[in-house]
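Peer 1: Input model-v4.csv, format and content: CSV, C-alpha atoms.
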chain,number,residue,atom,x,y,z
A,22,MET,CA,0.0,0.0,0.0
A,23,SER,CA,1.4,3.4,-1.0
A,24,ALA,CA,1.5,6.3,1.4
A,25,THR,CA,-1.2,8.2,-0.5
A,26,ASN,CA,-3.5,5.2,-0.4
A,27,HIS,CA,-3.1,4.7,3.4
A,28,PRO,CA,-6.4,5.4,5.3
A,29,ALA,CA,-4.5,7.9,7.6
A,30,PHE,CA,-3.6,9.9,4.5
A,31,GLY,CA,-7.2,10.4,3.5
A,32,ARG,CA,-8.1,11.6,7.0
A,33,ILE,CA,-5.2,14.0,7.7
A,34,MET,CA,-4.2,15.4,4.3
A,35,PRO,CA,-7.4,17.3,3.5
A,36,PHE,CA,-6.8,19.4,6.7
A,37,VAL,CA,-3.1,19.8,5.8
A,38,PHE,CA,-4.3,21.1,2.4
A,39,VAL,CA,-6.7,23.6,4.0
A,40,PHE,CA,-3.9,24.9,6.2
A,41,LEU,CA,-1.5,25.4,3.3
A,42,TRP,CA,-4.1,26.8,0.9
A,43,SER,CA,-5.2,29.3,3.5
A,44,THR,CA,-1.7,30.8,3.8
A,45,GLY,CA,-2.0,31.9,0.2
A,46,PHE,CA,-4.1,34.9,1.3
A,47,VAL,CA,-1.3,35.9,3.7
A,48,GLY,CA,1.3,35.6,0.9
A,49,ALA,CA,-0.9,37.6,-1.4
A,50,LYS,CA,-1.3,40.4,1.2
A,51,PHE,CA,2.5,40.6,1.5
A,52,GLY,CA,3.3,40.4,-2.2
A,53,LEU,CA,0.5,42.0,-4.2
A,54,PRO,CA,1.5,45.6,-3.3
A,55,TYR,CA,4.7,45.1,-5.4
A,56,ALA,CA,3.2,43.8,-8.6
A,57,ASP,CA,-0.1,43.9,-10.5
A,58,PRO,CA,-2.2,40.7,-10.2
A,59,PHE,CA,-1.5,39.0,-13.5
A,60,VAL,CA,2.2,39.9,-13.5
A,61,PHE,CA,2.4,38.5,-10.0
A,62,LEU,CA,0.8,35.3,-11.1
A,63,PHE,CA,2.9,35.0,-14.2
A,64,VAL,CA,6.2,35.4,-12.2
A,65,ARG,CA,4.9,32.9,-9.7
A,66,PHE,CA,4.0,30.3,-12.4
A,67,ALA,CA,7.2,30.8,-14.3
A,68,ILE,CA,9.4,30.2,-11.2
A,69,VAL,CA,7.4,27.0,-10.5
A,70,ILE,CA,8.0,25.7,-14.0
A,71,VAL,CA,11.7,26.5,-13.8
A,72,LEU,CA,12.0,24.6,-10.5
A,73,MET,CA,9.9,21.6,-11.5
A,74,VAL,CA,11.1,20.8,-15.0
A,75,PRO,CA,14.5,19.6,-13.8
A,76,VAL,CA,12.9,17.5,-11.1
A,77,VAL,CA,10.5,16.0,-13.6
A,78,MET,CA,13.3,15.1,-15.9
A,79,LEU,CA,15.4,13.6,-13.1
A,80,MET,CA,12.5,11.5,-11.9
A,81,LYS,CA,11.8,10.4,-15.5
A,82,ALA,CA,8.1,11.2,-14.9
A,83,LYS,CA,5.7,10.0,-17.6
A,84,TRP,CA,4.4,12.6,-20.0
A,85,PRO,CA,1.0,12.4,-21.6
A,86,LYS,CA,0.8,9.8,-24.4
A,87,SER,CA,-1.3,12.0,-26.7
A,88,LEU,CA,-2.0,15.6,-27.5
A,89,ARG,CA,-5.6,15.0,-26.5
A,90,GLU,CA,-4.5,14.0,-23.0
A,91,ALA,CA,-2.2,16.9,-22.7
A,92,SER,CA,-5.0,19.3,-23.8
A,93,HIS,CA,-7.2,18.0,-21.0
A,94,ILE,CA,-4.5,18.6,-18.4
A,95,ALA,CA,-3.8,22.1,-19.8
A,96,THR,CA,-7.5,23.0,-19.7
A,97,ALA,CA,-7.8,22.0,-16.1
A,98,GLY,CA,-4.7,24.1,-15.3
A,99,VAL,CA,-6.1,27.2,-17.0
A,100,LEU,CA,-9.4,26.8,-15.0
A,101,VAL,CA,-7.8,26.1,-11.6
A,102,HIS,CA,-4.8,28.3,-11.8
A,103,GLY,CA,-5.5,30.9,-14.4
A,104,ILE,CA,-9.2,31.7,-14.1
A,105,TYR,CA,-9.7,31.0,-10.4
A,106,LEU,CA,-6.6,32.8,-9.1
A,107,GLY,CA,-6.7,35.5,-11.8
A,108,GLY,CA,-10.4,36.2,-11.0
A,109,VAL,CA,-9.8,36.5,-7.3
A,110,PHE,CA,-6.8,38.7,-7.6
A,111,TRP,CA,-8.3,41.0,-10.2
A,112,ALA,CA,-11.6,41.3,-8.2
A,113,ILE,CA,-9.7,42.4,-5.1
A,114,ASP,CA,-7.6,44.7,-7.3
A,115,THR,CA,-10.8,46.5,-8.4
A,116,GLY,CA,-11.6,47.2,-4.7
A,117,LEU,CA,-13.8,44.3,-3.9
A,118,PRO,CA,-13.3,43.5,-0.2
A,119,SER,CA,-11.3,40.3,0.2
A,120,GLY,CA,-13.9,39.0,2.6
A,121,LEU,CA,-16.7,39.3,0.1
A,122,ALA,CA,-14.5,37.7,-2.6
A,123,ALA,CA,-13.8,34.8,-0.3
A,124,LEU,CA,-17.5,34.4,0.5
A,125,ILE,CA,-18.5,34.3,-3.2
A,126,VAL,CA,-15.7,31.7,-3.9
A,127,GLY,CA,-16.9,29.9,-0.8
A,128,LEU,CA,-20.0,28.8,-2.7
A,129,GLN,CA,-17.9,26.3,-4.6
A,130,PRO,CA,-19.0,23.2,-2.6
A,131,VAL,CA,-22.7,23.9,-3.2
A,132,VAL,CA,-22.1,24.6,-6.9
A,133,THR,CA,-20.0,21.4,-7.2
A,134,ALA,CA,-22.6,19.3,-5.4
A,135,SER,CA,-25.3,20.7,-7.7
A,136,VAL,CA,-23.7,19.3,-10.8
A,137,VAL,CA,-21.7,16.2,-9.8
A,138,GLY,CA,-24.7,13.9,-10.2
A,139,SER,CA,-25.2,14.6,-13.8
A,140,LEU,CA,-21.5,14.9,-14.7
A,141,LEU,CA,-19.8,12.3,-12.6
A,142,GLY,CA,-22.6,10.1,-11.3
A,143,GLU,CA,-21.9,10.8,-7.7
A,144,ARG,CA,-24.8,10.9,-5.3
A,145,VAL,CA,-25.0,13.7,-2.7
A,146,SER,CA,-26.8,12.4,0.4
A,147,ALA,CA,-29.2,14.4,2.5
A,148,ARG,CA,-26.6,14.5,5.3
A,149,GLN,CA,-24.0,15.9,2.9
A,150,TRP,CA,-26.5,18.6,1.7
A,151,GLY,CA,-27.0,19.5,5.3
A,152,GLY,CA,-23.3,19.7,5.8
A,153,LEU,CA,-22.9,21.9,2.7
A,154,VAL,CA,-25.6,24.3,4.0
A,155,LEU,CA,-24.0,24.4,7.5
A,156,GLY,CA,-20.6,25.1,5.9
A,157,LEU,CA,-22.0,28.0,4.0
A,158,ILE,CA,-23.6,29.5,7.1
A,159,GLY,CA,-20.3,29.1,9.0
A,160,VAL,CA,-18.3,30.9,6.2
A,161,ALA,CA,-20.9,33.7,6.1
A,162,LEU,CA,-20.7,34.2,9.9
A,163,VAL,CA,-16.9,34.6,9.7
A,164,LEU,CA,-16.8,36.8,6.7
A,165,LEU,CA,-19.9,39.0,6.6
A,166,PRO,CA,-18.7,41.3,9.5
A,167,LYS,CA,-15.5,41.8,7.5
A,168,ILE,CA,-17.1,43.0,4.3
A,169,GLY,CA,-17.4,46.6,5.7
A,170,ASP,CA,-19.6,49.4,4.4
A,171,GLY,CA,-19.7,48.3,0.8
A,172,ILE,CA,-17.1,50.7,-0.6
A,173,GLY,CA,-15.3,49.2,-3.6
A,174,ILE,CA,-18.1,46.8,-4.5
A,175,THR,CA,-18.7,47.1,-8.2
A,176,PRO,CA,-20.5,44.8,-10.8
A,177,LEU,CA,-17.0,44.1,-12.3
A,178,GLY,CA,-15.6,43.0,-9.0
A,179,ILE,CA,-18.6,40.8,-8.2
A,180,GLY,CA,-18.5,39.3,-11.7
A,181,LEU,CA,-14.8,38.5,-11.5
A,182,ALA,CA,-15.3,36.8,-8.1
A,183,VAL,CA,-18.2,34.7,-9.6
A,184,LEU,CA,-15.9,33.9,-12.6
A,185,ALA,CA,-13.3,32.7,-10.1
A,186,LEU,CA,-15.9,30.5,-8.4
A,187,PHE,CA,-16.9,28.8,-11.6
A,188,GLY,CA,-13.2,28.5,-12.7
A,189,MET,CA,-12.3,26.5,-9.6
A,190,THR,CA,-15.5,24.5,-9.7
A,191,ALA,CA,-15.2,23.6,-13.4
A,192,GLY,CA,-11.4,22.9,-13.0
A,193,THR,CA,-12.0,20.5,-10.1
A,194,LEU,CA,-14.8,18.6,-12.0
A,195,TYR,CA,-12.9,18.7,-15.3
A,196,GLN,CA,-9.8,17.2,-13.6
A,197,LYS,CA,-11.8,14.5,-11.9
A,198,ARG,CA,-13.5,13.6,-15.2
A,199,PHE,CA,-10.6,13.8,-17.7
A,200,CYS,CA,-7.3,13.8,-15.8
A,201,THR,CA,-7.3,11.1,-13.2
A,202,GLY,CA,-4.6,9.2,-15.0
A,203,MET,CA,-2.1,12.0,-15.3
A,204,ASP,CA,1.3,11.8,-13.7
A,205,LEU,CA,1.3,14.4,-10.8
A,206,MET,CA,4.7,15.8,-11.6
A,207,SER,CA,4.5,16.2,-15.4
A,208,GLY,CA,0.8,17.0,-15.2
A,209,THR,CA,1.5,19.9,-12.8
A,210,VAL,CA,4.2,21.3,-15.1
A,211,ILE,CA,1.8,21.2,-18.1
A,212,GLN,CA,-0.9,22.9,-16.0
A,213,TYR,CA,1.4,25.7,-14.9
A,214,MET,CA,2.7,26.2,-18.5
A,215,ALA,CA,-0.9,26.6,-19.7
A,216,ALA,CA,-1.8,28.9,-16.8
A,217,ALA,CA,1.3,31.0,-17.3
A,218,SER,CA,0.4,31.5,-21.0
A,219,PHE,CA,-3.1,32.5,-20.0
A,220,VAL,CA,-2.2,35.1,-17.3
A,221,GLY,CA,0.8,36.3,-19.4
A,222,VAL,CA,-1.6,37.3,-22.2
A,223,VAL,CA,-4.0,39.0,-19.8
A,224,ALA,CA,-1.1,40.9,-18.2
A,225,LEU,CA,0.1,42.2,-21.6
A,226,PHE,CA,-3.3,43.9,-22.1
A,227,LYS,CA,-4.2,44.8,-18.5
A,228,ASP,CA,-1.2,45.2,-16.1
A,229,ASP,CA,1.8,47.4,-15.6
A,230,LEU,CA,4.6,45.0,-16.4
A,231,THR,CA,6.9,46.1,-13.6
A,232,VAL,CA,7.8,44.3,-10.4
A,233,GLU,CA,9.3,45.9,-7.3
A,234,TRP,CA,11.7,43.2,-6.0
A,235,SER,CA,11.4,44.1,-2.3
A,236,MET,CA,12.2,41.6,0.4
A,237,ASN,CA,8.5,41.2,1.3
A,238,PHE,CA,7.8,40.4,-2.4
A,239,ILE,CA,10.6,37.9,-2.6
A,240,LEU,CA,9.6,36.1,0.7
A,241,ALA,CA,6.0,36.1,-0.3
A,242,MET,CA,6.8,34.7,-3.7
A,243,ALA,CA,9.1,32.0,-2.2
A,244,TRP,CA,6.3,30.9,0.1
A,245,LEU,CA,3.6,30.9,-2.6
A,246,VAL,CA,5.8,29.0,-5.1
A,247,LEU,CA,7.2,26.3,-2.8
A,248,VAL,CA,4.3,25.8,-0.4
A,249,LEU,CA,1.3,26.7,-2.4
A,250,SER,CA,2.0,26.2,-6.1
A,251,ILE,CA,4.0,23.0,-5.6
A,252,GLY,CA,3.1,21.5,-2.3
A,253,ALA,CA,-0.6,22.4,-1.9
A,254,ILE,CA,-1.5,22.0,-5.5
A,255,MET,CA,0.1,18.6,-5.8
A,256,LEU,CA,-1.7,17.5,-2.7
A,257,LEU,CA,-5.0,18.8,-4.2
A,258,MET,CA,-4.4,16.8,-7.3
A,259,VAL,CA,-4.0,13.6,-5.2
A,260,LEU,CA,-7.2,14.4,-3.2
A,261,ILE,CA,-9.1,15.0,-6.5
A,262,LYS,CA,-7.8,11.7,-7.9
A,263,GLN,CA,-8.7,9.7,-4.8
A,264,GLY,CA,-11.8,11.4,-3.4
A,265,GLU,CA,-15.4,12.2,-4.5
A,266,ALA,CA,-15.7,15.7,-6.0
A,267,THR,CA,-18.2,16.9,-3.4
A,268,ARG,CA,-16.1,15.8,-0.5
A,269,VAL,CA,-13.0,17.4,-1.9
A,270,ALA,CA,-14.8,20.6,-2.7
A,271,SER,CA,-16.3,20.8,0.8
A,272,MET,CA,-12.8,21.3,2.3
A,273,PHE,CA,-12.8,24.8,0.7
A,274,TYR,CA,-15.4,25.8,3.2
A,275,LEU,CA,-12.6,25.8,5.8
A,276,VAL,CA,-10.3,28.0,3.8
A,277,PRO,CA,-11.9,31.4,4.3
A,278,PRO,CA,-12.3,30.9,8.1
A,279,THR,CA,-8.8,29.6,8.4
A,280,ALA,CA,-7.5,32.6,6.3
A,281,ALA,CA,-9.4,34.9,8.6
A,282,PHE,CA,-7.8,33.3,11.6
A,283,PHE,CA,-4.3,33.8,10.1
A,284,ALA,CA,-5.2,37.4,9.4
A,285,TRP,CA,-6.3,37.8,13.1
A,286,VAL,CA,-3.0,36.3,14.3
A,287,LEU,CA,-0.6,37.9,11.9
A,288,PHE,CA,-2.3,41.3,11.0
A,289,ASP,CA,-4.5,41.8,14.1
A,290,GLU,CA,-7.6,41.8,11.9
A,291,HIS,CA,-10.7,41.5,14.1
A,292,LEU,CA,-12.3,38.0,14.2
A,293,GLY,CA,-14.5,38.1,17.3
A,294,MET,CA,-16.8,35.5,18.9
A,295,LEU,CA,-19.1,35.5,15.8
A,296,GLY,CA,-16.1,34.6,13.7
A,297,PHE,CA,-15.0,31.7,16.0
A,298,THR,CA,-18.6,30.4,16.1
A,299,GLY,CA,-18.7,30.5,12.3
A,300,PHE,CA,-15.4,28.6,12.1
A,301,GLY,CA,-16.9,25.8,14.3
A,302,ILE,CA,-20.1,25.6,12.3
A,303,ALA,CA,-18.1,25.4,9.0
A,304,ALA,CA,-15.9,22.6,10.5
A,305,LEU,CA,-19.0,20.7,11.5
A,306,GLY,CA,-20.5,21.1,8.0
A,307,VAL,CA,-17.3,19.7,6.4
A,308,ALA,CA,-17.3,16.8,8.8
A,309,LEU,CA,-20.9,15.9,7.8
A,310,VAL,CA,-19.9,16.0,4.1
A,311,ILE,CA,-16.6,14.0,4.3
A,312,MET,CA,-17.6,11.3,6.9
A,313,LYS,CA,-18.1,7.9,5.5
A,314,ARG,CA,-21.6,6.8,4.7
Could you write out this structure as structure tokens?
Peer 2:
Amino acid sequence: MSATNHPAFGRIMPFVFVFLWSTGFVGAKFGLPYADPFVFLFVRFAIVIVLMVPVVMLMKAKWPKSLREASHIATAGVLVHGIYLGGVFWAIDTGLPSGLAALIVGLQPVVTASVVGSLLGERVSARQWGGLVLGLIGVALVLLPKIGDGIGITPLGIGLAVLALFGMTAGTLYQKRFCTGMDLMSGTVIQYMAAASFVGVVALFKDDLTVEWSMNFILAMAWLVLVLSIGAIMLLMVLIKQGEATRVASMFYLVPPTAAFFAWVLFDEHLGMLGFTGFGIAALGVALVIMKR
């Protein structure tokens, strides 16, 4: 039995993923002041590719056997890395409060559960639907007090956050449907190449192409590349491959509350009793979704 197939892996690793993924908001807060969103993402993806290609070659990882297979992998990469991250970063750049952006993206488990039956043949039980609703309530309790007075909320910002929501949802479902046989190492490189091409083109038309290489930017980029873009994403690929789409998606309910907790610890952003209560409700909702039938 491989390590990734061990029962303990399935119980512990989703929470490790939540912890790692949540730190991305901290890294973005440190790094985004020094580069526009799509330039930031392009640099991040390019560094990941430079680091991973030699590792893939040394490990003699298997590459896709056909252009069709590679295209499926690339499509999932654009959806998960390009549209999701690009949409979130651009939405916040327009002035949309990060709490509201996180709340919109936090609808992903419900959207996923609504379509998995027809697309993947997975049944969502009544208990799981109850868990999804509880998770959404918990996320709302954490984030709604942080939205503020509405300044900066525009149709463009809302639309970009919704686009990010559907990008991650579609990417998760697409990968579960078409990319379960991909090699994690080579597949990740292909996904980042496709995503880098996507955000690079957007940056050419939208962003100021300059980067201020401050120490904060370098440290934030190092964390986002090594821990998020390599560690957390490869862990997500394993979870998608091994788990039901609804159960994997439900873990994203814990990301906004966890990110809010990190912001409270590191940046002294107010969380309060309501926030801690929401955190607990979201955790209970996830537990109801992922527990064995």
Peer 1: Here is a test: counting only C-alpha atoms, which residue of A:Ile94, A:Ala191, A:Met34, A:Val248 is nearest to Gly208 (chain A)?
Peer 2: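 The answer is A:Ile94, which sits nearest to Gly208 (chain A).
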Peer 1: Go through A:Met80, A:Met255, A:Val74, A:Val101 and flag the residue nearest Met203 (chain A), using all atoms listed in the file for the distances.
Peer 2: A:Met255
Peer 1: Taking into account only C-alpha atoms, which residue in the set A:Val259, A:Val64, A:Ala82, A:Ile302 is nearest to Gln196 (chain A)?
Peer 2: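 Ranked by minimum distance to Gln196 (chain A), first place goes to A:Val259.
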Peer 1: Which distance in Å separates CA of Asn237 (chain A) and CA of Pro75 (chain A), to one decimal?
Peer 2: 27.0 Å
Peer 1: Please list as a list in words every residue within 8 Å of Phe219 (chain A), counting only C-alpha atoms and excluding residues in the same chain fewer than 3 positions away.
Peer 2: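 Counting only the stated atoms, we get Val99, Gly103, Ala215, Ala216, Val222 and Val223 of chain A.
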Peer 1: Pick out the residues sitting within 7 Å of Trp42 (chain A), and hand them over as a PDB file with C-alpha atoms, keeping the file's coordinate frame; count only C-alpha atoms, and ignore anything fewer than 3 positions along from it in its own chain.
Peer 2:
ATOM      1  CA  PHE A  38      -4.300  21.100   2.400  1.00  0.00           C
ATOM      2  CA  VAL A  39      -6.700  23.600   4.000  1.00  0.00           C
ATOM      3  CA  GLY A  45      -2.000  31.900   0.200  1.00  0.00           C
ATOM      4  CA  LEU A 249       1.300  26.700  -2.400  1.00  0.00           C
ATOM      5  CA  ALA A 253      -0.600  22.400  -1.900  1.00  0.00           C
ATOM      6  CA  VAL A 276     -10.300  28.000   3.800  1.00  0.00           C
TER       7      VAL A 276
END
Peer 1: May I have the protein, DNA and RNA residues with any atom at most 10 Å from the point (9.8, 30.7, -8.6), counting only C-alpha atoms, written as a PyMOL selection string?
Peer 2: chain A and resi 63-73+239+242-247+250
